[in-house]
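The block underneath contains the structure these notes are about, expressed in structure tokens.
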Amino acid sequence: MAYSAFQSLHPASVGTPLPRPLVTLSCGFPSPAQDYLEPALDLNELLIKHPAATFFGRVQGDSMREAQIFDGDVLIVDRAITPLHNHIVLAVLQGEFTVKRLYKQGNKVALIPANPNFKPLNIDAESDFSVWGVVTYIIHQAR
């Protein structure tokens, strides 16, 4: 497969709050306040800034593996964010979805994979291209 693609897109649903307890976790020495719980954290509030413009999609392919985006991961994509140079984006190229890092300098635009087995995709005036949204979060199982 030439692209990291989405199997399908699903709109964000924030009608039901998702509060969960939040524990401060130390990655160094054990914390003396091990049993301290912060107020509940609502995953919708944390992960979704623009509910009407936010979608979830499952990744298919491995062209972004060095950006820690793996086959089967779920991406949160926000269409309300203006895509800028170096953002990871969900783009439409030649009628197909692809996930790549956006290169945008002067008049040059390209989609850059994060896997040396894939080549950058240069965008020119004849390209059927648009940025569909900006990837805001990557959800994958700890490996």
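All residue names refer to the structure tokens as shown: chains lettered A, B, ... in order, residues numbered from 1 in each chain, ligands numbered from 1 in order.
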* Asked: So which residues touch Gly72 of chain A within 10 Å, counting only C-alpha atoms, skipping near sequence neighbours fewer than 2 positions away, as a count of residues only?
  -> 15
* Asked: Leaving out His50 of chain A and any residue of its chain fewer than 5 positions from it, which residues lie within 12 Å of it when counting only C-alpha atoms, given as a list in words?
  -> Pro11, Ala12, Ser13, Val14, Asn44, Glu45, Phe55, Ile76, Val77, Asp78, Arg79, Ala80, Ile81, Gly133, Val134 and Thr136 of chain A
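Residues with any atom within 10 Å of segment 103-105 of chain A, counting only C-alpha atoms and excluding same-chain neighbours fewer than 5 positions away, are Pro83, Leu84, His85, Asn86, His87, Ile88, Ala110, Leu111, Ile112, Pro120, Leu121, Asn122 and Ile123 of chain A.
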* Just give me the gap between atom CA of Thr82 of chain A and atom CA of Ile48 of chain A in Å, one decimal is fine. => 15.5 Å
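Atom CA of Ala40 of chain A sits 21.7 Å away from atom CA of Ile138 of chain A.
Atom CA of Pro113 of chain A is found 24.7 Å from atom CA of Ala53 of chain A.
The set of residues in segment 38-87 of chain A assigned to helix (DSSP H, G or I) by DSSP, using only backbone atoms of this structure, is Leu43, Asn44, Glu45, Leu46, Leu47, Pro51, Ala52, Ala53, Arg65, Glu66 and Ala67 of chain A.
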